[in-house]
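Asks: upload.cif (mmCIF, C-alpha atoms and all ligand atoms) pasted underneath:
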data_work
#
loop_
_atom_site.label_atom_id
_atom_site.label_comp_id
_atom_site.auth_asym_id
_atom_site.auth_seq_id
_atom_site.Cartn_x
_atom_site.Cartn_y
_atom_site.Cartn_z
CA MET A 48 -25.84 -23.75 26.31
CA THR A 49 -23.50 -20.93 27.27
CA ILE A 50 -21.72 -19.46 24.25
CA ALA A 51 -18.26 -17.94 24.38
CA TYR A 52 -17.56 -16.23 21.06
CA THR A 53 -14.20 -15.21 19.71
CA ALA A 54 -13.17 -14.18 16.20
CA PHE A 55 -9.87 -14.84 14.41
CA CYS A 56 -8.34 -13.07 11.46
CA THR A 57 -5.27 -15.23 11.02
CA ASP A 58 -4.01 -17.75 8.47
CA VAL A 59 -1.52 -19.26 10.89
CA ILE A 60 -2.33 -20.47 14.40
CA HIS A 61 0.19 -19.82 17.15
CA GLU A 62 0.14 -20.30 20.90
CA GLY A 63 -1.49 -16.88 21.46
CA HIS A 64 -4.55 -18.10 19.54
CA LEU A 65 -4.58 -21.46 21.34
CA ASN A 66 -4.48 -19.59 24.64
CA ILE A 67 -7.55 -17.55 23.68
CA ILE A 68 -9.46 -20.74 22.81
CA ALA A 69 -8.43 -22.38 26.10
CA GLN A 70 -9.49 -19.31 28.08
CA ALA A 71 -12.78 -19.03 26.16
CA GLY A 72 -13.48 -22.71 26.95
CA LYS A 73 -13.66 -21.80 30.64
CA TYR A 74 -16.69 -19.61 29.94
CA GLY A 75 -18.75 -21.83 27.65
CA ASP A 76 -18.93 -23.65 24.32
CA VAL A 77 -16.45 -21.94 22.06
CA VAL A 78 -17.91 -20.58 18.84
CA LEU A 79 -15.08 -19.34 16.67
CA GLY A 80 -15.68 -16.66 14.04
CA ALA A 81 -13.61 -16.77 10.86
CA LEU A 82 -13.44 -13.27 9.42
CA SER A 83 -14.56 -13.35 5.80
CA ASP A 84 -12.18 -12.47 2.97
CA LYS A 85 -14.06 -9.22 2.54
CA ALA A 86 -13.65 -8.27 6.20
CA LEU A 87 -9.97 -9.22 6.22
CA ILE A 88 -9.26 -7.13 3.16
CA ARG A 89 -10.94 -4.06 4.65
CA TYR A 90 -8.89 -4.65 7.75
CA ASN A 91 -5.61 -5.02 5.81
CA LYS A 92 -5.09 -8.59 6.94
CA PHE A 93 -4.95 -9.94 3.44
CA PRO A 94 -5.67 -13.68 3.43
CA THR A 95 -2.99 -15.96 2.01
CA ILE A 96 -5.28 -19.01 2.17
CA SER A 97 -8.93 -19.18 1.12
CA GLN A 98 -11.89 -18.54 3.41
CA GLU A 99 -12.84 -22.24 3.17
CA GLU A 100 -9.31 -23.27 4.18
CA ARG A 101 -9.41 -20.93 7.17
CA VAL A 102 -12.75 -22.40 8.28
CA ARG A 103 -11.30 -25.92 8.00
CA LEU A 104 -8.17 -24.88 9.88
CA TYR A 105 -10.21 -23.36 12.72
CA GLU A 106 -12.54 -26.40 12.85
CA SER A 107 -9.53 -28.64 13.41
CA LEU A 108 -8.56 -26.80 16.61
CA GLU A 109 -9.15 -28.54 19.90
CA GLY A 110 -11.74 -26.91 22.13
CA VAL A 111 -13.71 -25.29 19.28
CA SER A 112 -17.39 -26.36 19.13
CA ARG A 113 -18.37 -24.58 15.96
CA VAL A 114 -16.94 -22.23 13.36
CA ILE A 115 -19.01 -19.52 11.73
CA VAL A 116 -18.05 -16.91 9.15
CA GLN A 117 -18.08 -13.32 10.42
CA GLU A 118 -18.84 -11.25 7.33
CA ASP A 119 -17.82 -7.84 8.65
CA TYR A 120 -15.03 -6.80 11.00
CA LEU A 121 -17.68 -5.08 13.10
CA TYR A 122 -19.67 -7.56 15.20
CA ASP A 123 -23.27 -6.30 14.57
CA ASP A 124 -24.64 -9.30 12.65
CA VAL A 125 -22.78 -11.93 14.68
CA ILE A 126 -23.91 -10.64 18.05
CA ALA A 127 -27.50 -10.06 16.89
CA ASP A 128 -27.76 -13.62 15.47
CA LEU A 129 -25.69 -15.58 17.97
CA LYS A 130 -26.39 -13.56 21.14
CA PRO A 131 -23.24 -14.92 22.81
CA ASP A 132 -23.02 -14.90 26.60
CA TYR A 133 -19.36 -13.93 26.36
CA VAL A 134 -17.15 -12.32 23.75
CA ILE A 135 -13.51 -13.18 24.30
CA HIS A 136 -10.70 -11.00 22.92
CA GLY A 137 -7.08 -10.13 23.64
CA ASP A 138 -6.63 -6.89 25.59
CA ASN A 139 -4.49 -5.40 22.81
CA TRP A 140 -7.44 -3.52 21.25
CA GLN A 141 -7.96 -1.04 24.06
CA ASN A 142 -5.96 1.65 22.25
CA GLY A 143 -5.27 2.57 18.66
CA PRO A 144 -7.62 2.13 15.71
CA GLU A 145 -8.89 -1.28 16.91
CA LYS A 146 -10.56 0.50 19.81
CA ALA A 147 -13.39 1.31 17.36
CA ILE A 148 -14.11 -2.43 17.10
CA ARG A 149 -13.99 -2.82 20.88
CA ASP A 150 -16.47 0.07 21.30
CA ASN A 151 -18.70 -1.60 18.69
CA VAL A 152 -18.68 -4.87 20.67
CA LEU A 153 -19.35 -3.15 24.00
CA GLY A 154 -22.33 -1.27 22.52
CA LEU A 155 -23.78 -4.48 21.09
CA LEU A 156 -23.34 -6.44 24.32
CA GLU A 157 -25.17 -3.71 26.16
CA ARG A 158 -28.06 -4.04 23.70
CA PHE A 159 -28.24 -7.82 23.43
CA GLY A 160 -26.81 -8.86 26.80
CA GLY A 161 -23.49 -10.62 27.26
CA GLU A 162 -20.12 -9.77 28.67
CA LEU A 163 -16.72 -8.90 27.23
CA VAL A 164 -13.80 -10.91 28.59
CA GLU A 165 -10.36 -9.55 27.77
CA ILE A 166 -7.39 -11.81 27.96
CA SER A 167 -3.94 -10.50 28.58
CA TYR A 168 -2.27 -10.49 25.19
CA THR A 169 1.02 -12.31 25.43
CA ARG A 170 3.15 -12.10 22.35
CA THR A 171 5.86 -14.68 22.72
CA GLU A 172 8.93 -14.69 20.50
CA LYS A 173 7.43 -17.57 18.54
CA ALA A 174 4.10 -15.78 18.02
CA ARG A 175 5.95 -12.63 16.93
CA LYS A 176 7.90 -14.65 14.41
CA VAL A 177 4.74 -16.25 12.99
CA ASP A 178 3.13 -12.80 12.58
CA GLN A 179 6.26 -11.54 10.86
CA GLN A 180 6.43 -14.53 8.54
CA LEU A 181 2.84 -13.91 7.53
CA ARG A 182 3.64 -10.29 6.73
CA GLU A 183 6.66 -11.39 4.73
CA LYS A 184 4.46 -13.75 2.77
CA LEU A 185 2.10 -10.89 1.92
CA ALA A 186 5.03 -8.86 0.60
CA MET A 187 6.04 -11.68 -1.76
CA PRO A 188 5.47 -10.91 -5.46
CA GLU A 189 2.86 -13.61 -6.09
CA HIS A 190 0.66 -12.45 -3.20
CA ARG A 191 1.09 -8.73 -3.70
CA ARG A 192 0.60 -8.86 -7.47
CA ARG A 193 -2.83 -10.49 -7.36
CA ARG A 194 -4.15 -8.30 -4.56
CA LEU A 195 -5.39 -5.60 -6.93
CA ARG A 196 -7.61 -8.02 -8.84
CA GLN A 197 -8.84 -9.44 -5.52
CA LEU A 198 -9.66 -5.95 -4.28
CA LEU A 199 -11.54 -5.15 -7.48
CA GLN A 200 -13.74 -8.19 -6.88
CA ILE A 201 -14.54 -7.20 -3.33
CA SER A 202 -14.27 -3.44 -2.78
CA PRO A 203 -16.84 -0.96 -4.02
CA VAL A 204 -13.90 1.34 -4.74
CA VAL A 205 -10.16 0.73 -4.47
CA LYS A 206 -8.69 3.74 -2.66
CA THR A 207 -5.17 4.39 -3.86
CA ILE A 208 -2.64 6.93 -2.62
CA GLU A 209 0.63 8.10 -4.09
CA ALA A 210 3.90 6.80 -2.65
CA HIS A 211 7.34 7.86 -3.89
CA ASP A 212 9.72 6.38 -1.32
CA GLY A 213 9.85 4.07 1.69
CA LEU A 214 8.43 6.67 4.07
CA THR A 215 5.42 7.63 1.95
CA GLY A 216 4.95 3.89 1.36
CA LEU A 217 4.71 3.44 5.12
CA ILE A 218 2.13 6.21 5.35
CA ALA A 219 0.07 4.50 2.64
CA GLU A 220 0.51 1.15 4.37
CA LYS A 221 -0.16 2.12 7.95
CA THR A 222 -2.49 5.11 8.10
CA VAL A 223 -5.78 3.98 9.62
CA VAL A 224 -8.61 6.24 10.74
CA ASP A 225 -11.57 5.53 12.91
CA HIS A 226 -14.36 7.57 11.33
CA ASN A 227 -17.99 7.28 12.45
CA GLY A 228 -17.22 3.97 14.13
CA ARG A 229 -15.67 2.42 11.03
CA LEU A 230 -12.01 1.82 10.31
CA ASP A 231 -10.71 3.12 7.04
CA GLN A 232 -7.42 2.88 5.21
CA PHE A 233 -5.94 2.94 1.72
CA ASP A 234 -6.09 -0.21 -0.37
CA ALA A 235 -3.26 0.37 -2.83
CA MET A 236 -0.36 2.63 -3.81
CA TRP A 237 0.27 4.71 -6.95
CA VAL A 238 3.83 5.27 -8.03
CA SER A 239 3.29 8.56 -9.83
CA SER A 240 5.65 9.78 -12.55
CA LEU A 241 5.00 13.35 -11.41
CA CYS A 242 5.92 12.70 -7.77
CA ASP A 243 8.79 10.33 -8.54
CA SER A 244 10.24 13.06 -10.80
CA THR A 245 9.47 15.95 -8.45
CA THR A 246 11.15 14.22 -5.48
CA ARG A 247 14.28 14.08 -7.61
CA GLY A 248 13.90 17.73 -8.60
CA LYS A 249 13.27 16.73 -12.22
CA PRO A 250 10.46 17.57 -14.67
CA ASP A 251 7.77 14.98 -15.41
CA ILE A 252 8.86 14.24 -19.00
CA GLU A 253 9.95 10.59 -18.83
CA LEU A 254 13.40 11.86 -17.91
CA VAL A 255 13.47 9.69 -14.78
CA ASP A 256 14.00 6.41 -16.59
CA MET A 257 12.64 2.95 -15.84
CA SER A 258 15.74 1.86 -13.91
CA ALA A 259 15.22 4.75 -11.49
CA ARG A 260 11.49 4.06 -11.27
CA LEU A 261 12.20 0.40 -10.45
CA ARG A 262 14.50 1.53 -7.65
CA THR A 263 11.65 3.62 -6.18
CA ILE A 264 9.27 0.66 -6.43
CA ASP A 265 11.80 -1.58 -4.71
CA ASP A 266 12.24 0.92 -1.84
CA ILE A 267 8.47 0.98 -1.35
CA MET A 268 8.16 -2.79 -1.62
CA GLU A 269 10.80 -3.39 1.01
CA VAL A 270 8.61 -1.86 3.73
CA THR A 271 5.01 -2.44 2.60
CA THR A 272 2.58 -5.17 1.53
CA LYS A 273 -0.17 -3.26 -0.31
CA PRO A 274 -0.51 -3.58 -4.08
CA ILE A 275 1.26 -1.17 -6.39
CA ILE A 276 -0.06 0.53 -9.51
CA LEU A 277 2.72 2.04 -11.59
CA ASP A 278 2.26 5.18 -13.61
CA GLY A 279 4.05 3.89 -16.71
CA ASP A 280 3.88 7.21 -18.63
CA THR A 281 3.56 6.39 -22.37
CA GLY A 282 5.03 2.93 -21.88
CA GLY A 283 7.94 4.07 -24.07
CA LEU A 284 8.84 2.12 -27.19
CA THR A 285 6.74 -1.01 -27.62
CA GLU A 286 9.99 -2.96 -27.99
CA HIS A 287 10.99 -1.77 -24.50
CA PHE A 288 7.52 -1.95 -22.96
CA VAL A 289 7.29 -5.73 -23.37
CA TYR A 290 10.48 -6.20 -21.33
CA ASN A 291 9.28 -3.79 -18.66
CA VAL A 292 5.98 -5.68 -18.34
CA ARG A 293 7.91 -8.84 -17.53
CA THR A 294 10.11 -7.02 -15.00
CA LEU A 295 7.17 -5.39 -13.23
CA GLU A 296 5.29 -8.67 -13.10
CA ARG A 297 8.26 -10.47 -11.64
CA MET A 298 8.69 -7.77 -8.98
CA GLY A 299 5.07 -8.12 -7.89
CA VAL A 300 3.65 -4.87 -9.26
CA SER A 301 -0.10 -5.34 -9.84
CA ALA A 302 -0.75 -2.97 -12.70
CA VAL A 303 0.84 -0.50 -15.06
CA ILE A 304 -1.14 2.38 -16.48
CA ILE A 305 0.10 3.69 -19.81
CA GLU A 306 -1.21 6.85 -21.47
CA ASP A 307 -2.04 7.29 -25.12
CA LYS A 308 0.50 9.99 -25.88
CA THR A 309 3.45 9.94 -28.19
CA GLY A 310 6.63 12.01 -28.48
CA LEU A 311 7.78 14.10 -25.54
CA LYS A 312 5.29 13.49 -22.75
CA LYS A 313 4.35 16.37 -20.48
CA ASN A 314 2.21 16.18 -17.38
CA SER A 315 -1.54 16.09 -18.07
CA LEU A 316 -2.26 18.87 -15.62
CA PHE A 317 -0.70 21.25 -18.22
CA GLY A 318 -3.38 20.11 -20.70
CA THR A 319 -3.27 22.12 -23.94
CA GLU A 320 -1.01 24.84 -22.45
CA VAL A 321 1.95 22.79 -23.71
CA GLU A 322 2.42 20.83 -26.90
CA GLN A 323 1.43 17.20 -26.44
CA THR A 324 0.47 14.63 -29.05
CA GLN A 325 -2.00 11.80 -28.64
CA ALA A 326 -0.92 8.49 -30.12
CA PRO A 327 -2.97 7.16 -33.05
CA ILE A 328 -5.47 4.54 -31.86
CA GLU A 329 -3.93 1.65 -33.86
CA GLU A 330 -0.43 2.45 -32.62
CA PHE A 331 -1.50 2.46 -28.97
CA CYS A 332 -3.62 -0.68 -29.43
CA ALA A 333 -0.53 -2.45 -30.77
CA LYS A 334 1.43 -1.45 -27.65
CA ILE A 335 -1.30 -2.78 -25.34
CA ALA A 336 -1.57 -6.02 -27.30
CA ALA A 337 2.21 -6.52 -27.25
CA GLY A 338 2.27 -5.98 -23.47
CA LYS A 339 -0.57 -8.44 -22.90
CA LYS A 340 1.20 -10.99 -25.07
CA ALA A 341 4.41 -10.58 -23.07
CA GLN A 342 2.95 -11.00 -19.58
CA LEU A 343 3.11 -14.43 -18.01
CA THR A 344 0.64 -14.36 -15.13
CA ASP A 345 -3.11 -13.70 -15.20
CA ASP A 346 -2.78 -11.36 -12.24
CA PHE A 347 -0.95 -8.46 -13.84
CA MET A 348 -3.04 -5.67 -15.35
CA ILE A 349 -2.27 -3.30 -18.20
CA ILE A 350 -4.56 -0.30 -17.94
CA ALA A 351 -4.98 2.16 -20.80
CA ARG A 352 -5.16 5.84 -19.98
CA ILE A 353 -7.10 8.09 -22.29
CA GLU A 354 -6.00 11.70 -22.72
CA SER A 355 -8.78 12.86 -25.08
CA LEU A 356 -10.50 15.05 -22.48
CA ILE A 357 -7.18 16.52 -21.29
CA LEU A 358 -6.24 17.39 -24.88
CA GLU A 359 -9.78 18.61 -25.67
CA ARG A 360 -10.39 16.02 -28.39
CA GLY A 361 -13.95 15.36 -27.24
CA MET A 362 -16.08 12.72 -25.56
CA GLU A 363 -16.67 10.68 -28.73
CA ASP A 364 -12.90 10.33 -29.24
CA ALA A 365 -12.49 9.24 -25.60
CA LEU A 366 -15.22 6.61 -25.94
CA ALA A 367 -13.92 5.35 -29.28
CA ARG A 368 -10.48 4.93 -27.74
CA ALA A 369 -11.89 3.15 -24.70
CA ARG A 370 -13.66 0.69 -26.98
CA ALA A 371 -10.54 0.11 -29.07
CA PHE A 372 -8.17 -0.24 -26.12
CA VAL A 373 -10.41 -2.78 -24.37
CA GLY A 374 -10.61 -4.61 -27.68
CA ALA A 375 -6.80 -4.70 -27.81
CA GLY A 376 -6.73 -6.38 -24.40
CA ALA A 377 -6.54 -3.53 -21.85
CA ASP A 378 -7.57 -4.76 -18.38
CA GLY A 379 -8.91 -1.36 -17.39
CA ILE A 380 -9.44 2.20 -18.59
CA MET A 381 -8.20 5.33 -16.90
CA ILE A 382 -10.04 8.45 -17.95
CA HIS A 383 -8.43 11.76 -17.03
CA SER A 384 -9.75 15.32 -16.89
CA ARG A 385 -8.39 18.60 -15.61
CA LEU A 386 -11.72 20.33 -15.14
CA LYS A 387 -12.89 21.15 -11.65
CA ASP A 388 -16.39 20.00 -12.50
CA PRO A 389 -16.60 16.19 -12.61
CA ALA A 390 -19.46 16.31 -15.18
CA GLU A 391 -17.33 15.15 -18.15
CA ILE A 392 -15.87 12.30 -16.09
CA TYR A 393 -19.37 11.23 -15.04
CA GLU A 394 -20.60 11.43 -18.64
CA PHE A 395 -17.71 9.28 -19.86
CA CYS A 396 -18.23 6.72 -17.10
CA ASP A 397 -22.00 6.51 -17.60
CA ARG A 398 -21.68 6.05 -21.35
CA PHE A 399 -18.81 3.61 -21.09
CA ARG A 400 -20.70 1.56 -18.49
CA GLU A 401 -23.73 1.33 -20.82
CA GLU A 402 -21.56 -0.56 -23.31
CA ASP A 403 -19.17 -2.26 -20.92
CA PRO A 404 -20.40 -3.22 -17.46
CA ASP A 405 -17.19 -4.95 -16.36
CA THR A 406 -13.90 -3.35 -17.41
CA PRO A 407 -12.54 -1.46 -14.39
CA ILE A 408 -12.51 2.35 -14.61
CA VAL A 409 -9.74 4.36 -12.94
CA VAL A 410 -9.85 8.09 -12.17
CA VAL A 411 -7.44 10.62 -10.67
CA PRO A 412 -9.57 13.33 -9.05
CA THR A 413 -6.88 16.00 -8.60
CA SER A 414 -8.84 18.77 -10.35
CA PHE A 415 -12.34 17.39 -9.81
CA ASN A 416 -11.65 16.85 -6.12
CA VAL A 417 -15.24 17.74 -5.15
CA ALA A 418 -16.26 14.23 -6.27
CA THR A 419 -16.43 11.77 -3.38
CA GLU A 420 -15.43 8.13 -3.71
CA GLU A 421 -19.09 7.20 -3.29
CA GLU A 422 -20.25 9.52 -6.09
CA LEU A 423 -17.51 8.24 -8.40
CA ALA A 424 -18.40 4.63 -7.60
CA ALA A 425 -22.07 5.39 -8.38
CA HIS A 426 -20.92 6.25 -11.92
CA GLY A 427 -19.08 2.95 -12.22
CA VAL A 428 -15.58 3.98 -11.09
CA ASN A 429 -13.56 1.15 -9.51
CA ILE A 430 -10.21 2.72 -8.64
CA VAL A 431 -9.71 6.23 -7.25
CA ILE A 432 -6.14 7.52 -7.17
CA TYR A 433 -5.01 10.38 -4.93
CA ALA A 434 -2.01 11.03 -7.14
CA ASN A 435 0.03 13.83 -5.60
CA GLN A 436 -1.48 15.11 -2.35
CA LEU A 437 1.26 13.76 -0.05
CA ILE A 438 4.08 15.57 -1.83
CA ARG A 439 1.99 18.74 -2.09
CA ALA A 440 1.47 18.58 1.67
CA ALA A 441 5.15 17.96 2.42
CA PHE A 442 6.66 20.59 0.12
CA PRO A 443 5.10 23.74 1.67
CA ALA A 444 5.76 22.36 5.17
CA MET A 445 9.46 21.89 4.35
CA GLN A 446 9.71 25.28 2.66
CA GLU A 447 8.05 27.02 5.60
CA THR A 448 10.47 25.34 8.01
CA ALA A 449 13.51 26.32 5.92
CA ARG A 450 12.28 29.94 5.88
CA GLY A 451 11.64 29.90 9.63
CA ILE A 452 15.19 28.72 10.40
CA LEU A 453 16.68 31.36 8.09
CA LYS A 454 14.69 34.13 9.72
CA ALA A 455 15.39 33.13 13.35
CA HIS A 456 19.02 31.97 12.89
CA ARG A 457 18.11 28.94 14.96
CA ALA A 458 15.60 26.07 14.92
CA LEU A 459 13.75 26.79 18.19
CA GLU A 460 11.00 28.86 16.55
CA VAL A 461 10.03 26.12 14.09
CA ASP A 462 10.20 23.29 16.58
CA GLU A 463 6.52 23.48 17.46
CA GLN A 464 5.50 22.62 13.90
CA LEU A 465 7.80 19.59 13.75
CA MET A 466 7.03 16.00 14.66
CA PRO A 467 9.52 14.52 17.13
CA PHE A 468 11.67 11.91 15.42
CA LYS A 469 10.62 9.45 18.11
CA GLU A 470 7.10 9.57 16.67
CA ILE A 471 8.22 9.26 13.05
CA ILE A 472 10.25 6.15 13.78
CA THR A 473 7.25 4.37 15.30
CA LEU A 474 6.29 3.81 11.66
CA ILE A 475 9.50 1.97 10.94
CA ASP A 476 9.58 -1.74 11.67
CA GLU A 477 12.60 -3.14 13.41
CA LEU A 478 13.69 -6.68 12.84
C1 LIG B 1 0.98 11.31 -12.15
O1 LIG B 1 0.67 11.27 -10.94
O2 LIG B 1 2.14 11.35 -12.54
C2 LIG B 1 -0.07 11.28 -13.18
C3 LIG B 1 -1.40 11.80 -12.86
O3 LIG B 1 0.22 10.87 -14.27
S1 LIG B 1 -1.41 13.46 -13.40
O4 LIG B 1 -0.32 14.14 -12.73
O5 LIG B 1 -2.70 14.02 -13.05
O6 LIG B 1 -1.21 13.47 -14.84
MG MG B 2 2.26 10.66 -14.63
#
Kindly present the structure from the file in structure tokens form.
Ligand code: SPV
Ligand code: MG
Replies:
Amino acid sequence: MTIAYTAFCTDVIHEGHLNIIAQAGKYGDVVLGALSDKALIRYNKFPTISQEERVRLYESLEGVSRVIVQEDYLYDDVIADLKPDYVIHGDNWQNGPEKAIRDNVLGLLERFGGELVEISYTRTEKARKVDQQLREKLAMPEHRRRRLRQLLQISPVVKTIEAHDGLTGLIAEKTVVDHNGRLDQFDAMWVSSLCDSTTRGKPDIELVDMSARLRTIDDIMEVTTKPIILDGDTGGLTEHFVYNVRTLERMGVSAVIIEDKTGLKKNSLFGTEVEQTQAPIEEFCAKIAAGKKAQLTDDFMIIARIESLILERGMEDALARARAFVGAGADGIMIHSRLKDPAEIYEFCDRFREEDPDTPIVVVPTSFNVATEEELAAHGVNIVIYANQLIRAAFPAMQETARGILKAHRALEVDEQLMPFKEIITLIDEL
């Protein structure tokens, strides 16, 4: 039996897919791979129907002999087990990040025998529309909101980067790297109070109010599909927090992180250099409990952020708070530190994990940036947030350019360090 293997990562079949099956049929019995949920998530093709439903959908297609589940987006296991005579794929993976997958397939075929057949990728108007509709579906609140919980089930660590407007949202959404033969990208976005305030030229003291923050979230949501974690500062008054939980849920935000401070909040990176007050445990527990009572879906997460290490109140205080906040209903714990050495973060995580193997742990390694995602995950961390690096990269670049223009009395001298607008707008989708 001659096997022609092709893999799909779609929830909706259009004529482009049917064409691939028809072409594959000319080479042999068509075995169709259904990419697993795990593979799709890594590949940012978030499934909108279950893996079982996809298998059933693919099995119903004419010309398909058998459907198997492809566990990884790389083909190693499939080609080693199946040893297909042909692998069939559209020719649209010859450039860009998907080239890494093509190289992977070519290497495997060389080892196990078999040939790659590339089919001219025709994207008709109808196929384009189907792809767009699928993307739209992913951006809908009910899909986006639950993605964070889905990621937590599947990913060893949820990599999250700060976004503060549509453009940074697009960077978070679309940046893909091919590193050591594997594709990598961010899983989620963090709407930081520090960056949302800084972009507006304002201090990070809860001065940028919730209406303005919601506007930022909406701008990001308009052009992205990845899940959003909101930095909710202190959560404000409990009486207000409950309304905001409902609003965020309805918009499709996946989680809000609120910190256990009271009074005028200042940014944690100032630590004890400025006056900041931690909220009493009971008071903060009541806020968490009220928020959990207000939310309507099971998807939304309220994560409690502990400032004990920032405010030098000690490890025991941090652990006692973690215990209490989980008891009050928190869906996760964020532990923060401003030391360069990650030792206190590791100690907290190890001790917390001894008592609580499940509750997700979130960290923001701005100061302890020596810690890799892998090392953090080994201590039980589930979500890593890169909270401010994009704005810190942009600000000096903009300042340097402004200085350069002032010095030269024209823009020619700075032009070399600028990206042509043509390239920037490739990020922006046109309808
Ligand atoms: C933020 O990004 O606004 C945060 C994280 O709250 S930190 O700035 O480290 O406090
Ligand atoms: Mg903040």
Asks: Please report as a Markdown table every residue of chain A lying within 9 Å of ligand LIG 1 (chain B), along with the nearest atom pair and their distance in Å (one decimal), using all atoms listed in the file.
Replies:
| residue | atom | partner | partner_atom | distance |
| --- | --- | --- | --- | --- |
| A:Glu209 | CA | B:LIG1 | O1 | 7.5 |
| A:Trp237 | CA | B:LIG1 | O1 | 7.7 |
| A:Val238 | CA | B:LIG1 | O1 | 7.4 |
| A:Ser239 | CA | B:LIG1 | O1 | 3.9 |
| A:Ser240 | CA | B:LIG1 | O2 | 3.8 |
| A:Leu241 | CA | B:LIG1 | O2 | 3.7 |
| A:Cys242 | CA | B:LIG1 | O2 | 6.2 |
| A:Asp243 | CA | B:LIG1 | O2 | 7.8 |
| A:Ser244 | CA | B:LIG1 | O2 | 8.5 |
| A:Asp251 | CA | B:LIG1 | O2 | 7.3 |
| A:Asp278 | CA | B:LIG1 | O3 | 6.1 |
| A:Gly279 | CA | B:LIG1 | O3 | 8.3 |
| A:Asp280 | CA | B:LIG1 | O3 | 6.8 |
| A:Ile304 | CA | B:LIG1 | O3 | 8.9 |
| A:Glu306 | CA | B:LIG1 | O3 | 8.4 |
| A:Lys313 | CA | B:LIG1 | O6 | 8.4 |
| A:Asn314 | CA | B:LIG1 | O6 | 5.0 |
| A:Ser315 | CA | B:LIG1 | O6 | 4.2 |
| A:Leu316 | CA | B:LIG1 | O5 | 5.5 |
| A:Phe317 | CA | B:LIG1 | O6 | 8.5 |
| A:His383 | CA | B:LIG1 | O5 | 7.3 |
| A:Ser384 | CA | B:LIG1 | O5 | 8.1 |
| A:Arg385 | CA | B:LIG1 | O5 | 7.7 |
| A:Val411 | CA | B:LIG1 | O5 | 6.3 |
| A:Pro412 | CA | B:LIG1 | O5 | 8.0 |
| A:Thr413 | CA | B:LIG1 | O5 | 6.4 |
| A:Ser414 | CA | B:LIG1 | O5 | 8.2 |
| A:Ile432 | CA | B:LIG1 | C3 | 8.6 |
| A:Tyr433 | CA | B:LIG1 | O1 | 8.3 |
| A:Ala434 | CA | B:LIG1 | O1 | 4.7 |
| A:Asn435 | CA | B:LIG1 | O1 | 6.0 |
Asks: A:Asn139, A:Gln325, A:Thr448, A:Thr49: which is nearest Gly161 of chain A, counting all atoms listed in the file?
Replies: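 That would be A:Thr49, the residue with the smallest distance to Gly161 of chain A.
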Asks: Hey, what's within 10 Å of Met268 of chain A if we count all atoms listed in the file and toss same-chain stuff fewer than 4 positions away? As a list of chain:residue names, please?
Replies: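 Near neighbours after the sequence-gap exclusion: A:Ala186, A:Met187, A:Pro188, A:Arg191, A:Asp212, A:Gly213, A:Gly216, A:Leu217, A:Arg262, A:Thr263, A:Ile264, A:Thr272, A:Lys273, A:Pro274, A:Ile275, A:Met298, A:Gly299, A:Val300.
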Asks: Restricting the calculation to all atoms listed in the file, which member of A:Ala440, A:Cys332, A:Val255, A:Ala51 is positioned closest to ligand MG 2 (chain B)?
Replies: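 Among A:Ala440, A:Cys332, A:Val255, A:Ala51, it is A:Val255 that comes nearest to ligand MG 2 (chain B).
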Asks: Using only C-alpha atoms, which protein or nucleic acid residues come within 8 Å of segment 341-355 of chain A? Drop anything in the same chain fewer than 3 positions from it, and give the result as a VMD selection string.
Replies: chain A and resid 192 to 193 196 289 to 290 292 to 293 296 300 to 308 315 325 335 337 to 338 358 to 362 364 to 365 368 to 369 372 377 to 384
Asks: When you draw a straight line from atom CA of Glu100 of chain A to atom CA of Val177 of chain A, how long is it in Å?
Replies: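 Calculated distance between atom CA of Glu100 of chain A and atom CA of Val177 of chain A is 18.0 Å.
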Asks: Select, from A:Arg101, A:Lys312, A:His136, A:Lys339, the residue with the minimum atom-to-atom distance to ligand MG 2 (chain B), counting only C-alpha atoms and all ligand atoms.
Replies: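 Of A:Arg101, A:Lys312, A:His136, A:Lys339, the one nearest ligand MG 2 (chain B), counting only C-alpha atoms and all ligand atoms, is A:Lys312.
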Asks: At what distance in Å, to one decimal, does atom CA of Leu474 of chain A lie from atom CA of Glu460 of chain A?
Replies: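 These atoms are spaced 26.0 Å apart.
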Asks: Find the residue from A:Asp256, A:Asp388, A:Glu189, A:Glu165 that sits nearest to Gln70 of chain A; use only C-alpha atoms when measuring.
Replies: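 Using only C-alpha atoms, the shortest distance to Gln70 of chain A belongs to A:Glu165.
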